[in-house]
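A short write-up of the structure that comes next.
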Amino acid sequence: MDLTRPFRGSAAVAAGVVTRGALYGPGYRRLYPGIHIAEGPALDLLTWSRAAHELVAPCGVLAGYSAAELHGASCAPEGAPAEVILLDGYRRRAGPMLVVHRDTVGPCEINRVDGLRLTSPERTAADLARWAPTLIEAVVAVDALCHTCGLDPATIIRSVPPGARGAARLPRVLALADPLAESPMESRIRLAILLAGLPAPVSQHPVVVGGRRFLLDLAYPEVLLGIEYNGAEHLRPDRALRDLEREQLLVRAGWRILRFGAVTALHHPRTIATRVRAALALDQRASAHL
């Protein structure tokens with residue numbers, strides 16, 4: 001038994017792996033009733049999700065952001081709790097770091113990943129499209145699952161239970177979704193543009209300059225305007241140097257590049273829309289004088 005992963009305390013004591021006294025001592029942490037883990041690094045959503053699965057199995061499955069995390073489509077807001085759907089009339093209250101949903105889930109909508117039962121990618125996308133706290137978070141989640149799991153947004157609606165809570169929002173979410181988005185921040189930048197009433201940019205636009213091929217996160221090819229997300233990896237010296245060389249080639253070819261970081265994407269979407277609108281207006285004014 002690996003005590004660095006969530007485990008049922010009674011089973012560990014019965015197996016003689018740990019004593020009851022030690023279980024409630026400083027070396028272990030209680031995550032949920034009866035579920036413990038050896039003290040270690042800060043807990044992430046994956047660890048909370050494993051603990052939640054241990055808590056509700058075999059009468060529940062991981063769902064929502066927990067299922068997305070297991071499918072490799074990390075898209076949860078920071079500090080998001082684990083999510084489960086309870087099956088067969090099983091009842092358990094929600095609590096700190098645990099969201100409990102009660103919905104029907106068909107056998108074909110349940111997958112198994114790393115020994116854990118969870119909703120399928122299609123069902124997970126449909127659920128997050130309905131459950132996510134905002135329209136933006138819903139689209140970010142659908143983008144991530146479509147891109148990671150190869151889903152077509154048009155098929156997701158088939159996984160919505162009849163009369164399901166939040167189903168009315170689904171058409172709007174799917175209309176805004178884009179499987180080409182390669183990260184939640186790219187999705188947020190695109191949505192800041194679209195929700196401001198600006199024309200839709202092209203995602204992952206290929207550009208060949210000097211015999212080299214680049215992909216721009218978002219672009220308006222007709223006016224040579226590129227829009228890029230600057231993530232933490234872009235701050236590494238080697239990556240920063242490559243980015244500089246890349247941008248120099250693009251600028252020489254006539255492109256203008258707007259870059260936005262995580263803080264702007266998360267907290268200042270109007271700044272994104274304002275700068276893109278100004279750049280598009282500048283191109284329109286330039287064209288009018290030709």
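By order of appearance in the structure tokens: chains A, B, ..., then residues from 1 within every chain, and ligands from 1 in the order shown.
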
Checklist entry - Taking the backbone alone, and naming residues the way the document does, which bits of range 32-211 of chain A are strand (DSSP E) by DSSP, as an NGL selection string? => result :A and (32 or 35-38 or 60-62 or 82-86 or 98-102 or 110-113 or 116-119 or 202-209)

Next on the checklist: Can you pull out the residues contacting Gly34 in chain A? Cut-off 10 Å, using only C-alpha atoms, and skip same-chain residues under 3 positions away; I want them as a ChimeraX atom specification.
Outcome noted: /A:7-11,30-31,51,54-55

Just the selected residues (N, CA, C and O atoms), exported as a JSON list (two decimals), in the first residue's frame, please.
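The file below, out-v6.json, is the result:
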[["chain", "number", "residue", "atom", "x", "y", "z"],
["A", 7, "PHE", "N", -5.42, 6.93, 0.78],
["A", 7, "PHE", "CA", -5.78, 5.55, 1.14],
["A", 7, "PHE", "C", -6.84, 5.58, 2.23],
["A", 7, "PHE", "O", -7.00, 6.56, 2.95],
["A", 8, "ARG", "N", -7.56, 4.45, 2.32],
["A", 8, "ARG", "CA", -8.57, 4.31, 3.36],
["A", 8, "ARG", "C", -7.86, 3.88, 4.65],
["A", 8, "ARG", "O", -7.19, 2.84, 4.69],
["A", 9, "GLY", "N", -7.99, 4.71, 5.67],
["A", 9, "GLY", "CA", -7.26, 4.48, 6.91],
["A", 9, "GLY", "C", -7.55, 3.13, 7.55],
["A", 9, "GLY", "O", -6.64, 2.45, 8.02],
["A", 10, "SER", "N", -8.82, 2.71, 7.56],
["A", 10, "SER", "CA", -9.19, 1.44, 8.19],
["A", 10, "SER", "C", -8.50, 0.27, 7.50],
["A", 10, "SER", "O", -8.08, -0.70, 8.15],
["A", 11, "ALA", "N", -8.37, 0.36, 6.16],
["A", 11, "ALA", "CA", -7.71, -0.72, 5.42],
["A", 11, "ALA", "C", -6.22, -0.77, 5.74],
["A", 11, "ALA", "O", -5.63, -1.85, 5.86],
["A", 30, "ARG", "N", -5.59, 13.90, 7.14],
["A", 30, "ARG", "CA", -6.94, 13.41, 6.83],
["A", 30, "ARG", "C", -7.53, 14.31, 5.75],
["A", 30, "ARG", "O", -7.65, 15.52, 5.91],
["A", 31, "LEU", "N", -7.89, 13.71, 4.60],
["A", 31, "LEU", "CA", -8.43, 14.46, 3.48],
["A", 31, "LEU", "C", -9.96, 14.50, 3.51],
["A", 31, "LEU", "O", -10.56, 15.56, 3.36],
["A", 51, "ALA", "N", -8.39, 10.95, -3.78],
["A", 51, "ALA", "CA", -8.99, 10.77, -2.46],
["A", 51, "ALA", "C", -10.51, 10.69, -2.56],
["A", 51, "ALA", "O", -11.14, 9.86, -1.88],
["A", 54, "GLU", "N", -11.54, 7.29, -3.74],
["A", 54, "GLU", "CA", -11.43, 6.33, -2.64],
["A", 54, "GLU", "C", -12.64, 6.45, -1.71],
["A", 54, "GLU", "O", -13.14, 5.45, -1.18],
["A", 55, "LEU", "N", -13.13, 7.67, -1.55],
["A", 55, "LEU", "CA", -14.25, 7.92, -0.64],
["A", 55, "LEU", "C", -15.56, 7.35, -1.17],
["A", 55, "LEU", "O", -16.35, 6.78, -0.41]]

Item to check | Residue neighbourhood range 42-50 of chain A, 8 Å, only C-alpha atoms, exclusion window fewer than 6 positions, as a PyMOL selection string | outcome: chain A and resi 5-6+31+62+66+69-70+79-83+97+116

Item to check | DSSP helix (DSSP H, G or I) selection over range 59-278 of chain A, as a PyMOL selection string | outcome: chain A and resi 64-70+107-109+121-131+135-149+153-159+167-176+184-194+221-223+232-235+237-252+262-267+269-278

Next on the checklist: For a test of reading the model, state the distance in Å between CA of Glu122 in chain A and CA of Val105 in chain A, rounded to one decimal.
Outcome noted: 11.9 Å

Next on the checklist: Env of Tyr24 in chain A: 12 Å cut, atoms = only C-alpha atoms, seq-sep filter 3 positions within chain, self excluded. Answer as a ChimeraX atom specification.
Outcome noted: /A:9-10,13,18-21,27-31,34-39

Just write the chosen residues, N, CA and C atoms, as a PDB file, in the first residue's frame.
ATOM      1  N   GLY A   9      -7.986   4.705   5.667  1.00  0.00           N
ATOM      2  CA  GLY A   9      -7.257   4.477   6.909  1.00  0.00           C
ATOM      3  C   GLY A   9      -7.554   3.133   7.546  1.00  0.00           C
ATOM      4  N   SER A  10      -8.825   2.710   7.556  1.00  0.00           N
ATOM      5  CA  SER A  10      -9.190   1.436   8.189  1.00  0.00           C
ATOM      6  C   SER A  10      -8.504   0.268   7.497  1.00  0.00           C
ATOM      7  N   VAL A  13      -4.767   0.235   8.527  1.00  0.00           N
ATOM      8  CA  VAL A  13      -4.600  -0.271   9.899  1.00  0.00           C
ATOM      9  C   VAL A  13      -4.813  -1.782   9.930  1.00  0.00           C
ATOM     10  N   VAL A  18       0.083   0.723   9.069  1.00  0.00           N
ATOM     11  CA  VAL A  18       0.223   1.876   9.959  1.00  0.00           C
ATOM     12  C   VAL A  18      -0.651   1.622  11.188  1.00  0.00           C
ATOM     13  N   THR A  19      -0.246   2.148  12.324  1.00  0.00           N
ATOM     14  CA  THR A  19      -1.073   2.002  13.526  1.00  0.00           C
ATOM     15  C   THR A  19      -2.105   3.119  13.561  1.00  0.00           C
ATOM     16  N   ARG A  20      -3.176   2.872  14.319  1.00  0.00           N
ATOM     17  CA  ARG A  20      -4.204   3.904  14.418  1.00  0.00           C
ATOM     18  C   ARG A  20      -3.649   5.169  15.048  1.00  0.00           C
ATOM     19  N   GLY A  21      -2.776   5.005  16.032  1.00  0.00           N
ATOM     20  CA  GLY A  21      -2.195   6.177  16.666  1.00  0.00           C
ATOM     21  C   GLY A  21      -1.370   6.998  15.691  1.00  0.00           C
ATOM     22  N   GLY A  27       2.385  12.698  11.000  1.00  0.00           N
ATOM     23  CA  GLY A  27       2.926  12.197   9.734  1.00  0.00           C
ATOM     24  C   GLY A  27       1.890  11.971   8.657  1.00  0.00           C
ATOM     25  N   TYR A  28       0.604  12.114   9.000  1.00  0.00           N
ATOM     26  CA  TYR A  28      -0.455  11.841   8.034  1.00  0.00           C
ATOM     27  C   TYR A  28      -1.489  12.962   8.063  1.00  0.00           C
ATOM     28  N   ARG A  29      -2.179  13.096   6.955  1.00  0.00           N
ATOM     29  CA  ARG A  29      -3.203  14.130   6.829  1.00  0.00           C
ATOM     30  C   ARG A  29      -4.527  13.488   6.461  1.00  0.00           C
ATOM     31  N   ARG A  30      -5.595  13.896   7.139  1.00  0.00           N
ATOM     32  CA  ARG A  30      -6.944  13.413   6.829  1.00  0.00           C
ATOM     33  C   ARG A  30      -7.525  14.308   5.747  1.00  0.00           C
ATOM     34  N   LEU A  31      -7.890  13.707   4.600  1.00  0.00           N
ATOM     35  CA  LEU A  31      -8.431  14.460   3.478  1.00  0.00           C
ATOM     36  C   LEU A  31      -9.957  14.504   3.511  1.00  0.00           C
ATOM     37  N   GLY A  34     -12.245   9.178   6.826  1.00  0.00           N
ATOM     38  CA  GLY A  34     -11.672   7.853   6.614  1.00  0.00           C
ATOM     39  C   GLY A  34     -10.597   7.780   5.556  1.00  0.00           C
ATOM     40  N   ILE A  35     -10.315   8.878   4.864  1.00  0.00           N
ATOM     41  CA  ILE A  35      -9.339   8.894   3.781  1.00  0.00           C
ATOM     42  C   ILE A  35      -8.139   9.744   4.204  1.00  0.00           C
ATOM     43  N   HIS A  36      -6.947   9.172   4.117  1.00  0.00           N
ATOM     44  CA  HIS A  36      -5.740   9.824   4.612  1.00  0.00           C
ATOM     45  C   HIS A  36      -4.641   9.786   3.554  1.00  0.00           C
ATOM     46  N   ILE A  37      -3.567  10.524   3.834  1.00  0.00           N
ATOM     47  CA  ILE A  37      -2.377  10.507   2.986  1.00  0.00           C
ATOM     48  C   ILE A  37      -1.186  10.895   3.846  1.00  0.00           C
ATOM     49  N   ALA A  38      -0.014  10.332   3.535  1.00  0.00           N
ATOM     50  CA  ALA A  38       1.191  10.721   4.248  1.00  0.00           C
ATOM     51  C   ALA A  38       1.504  12.180   3.948  1.00  0.00           C
ATOM     52  N   GLU A  39       1.955  12.912   4.963  1.00  0.00           N
ATOM     53  CA  GLU A  39       2.299  14.320   4.758  1.00  0.00           C
ATOM     54  C   GLU A  39       3.375  14.446   3.691  1.00  0.00           C
TER      55      GLU A  39
END
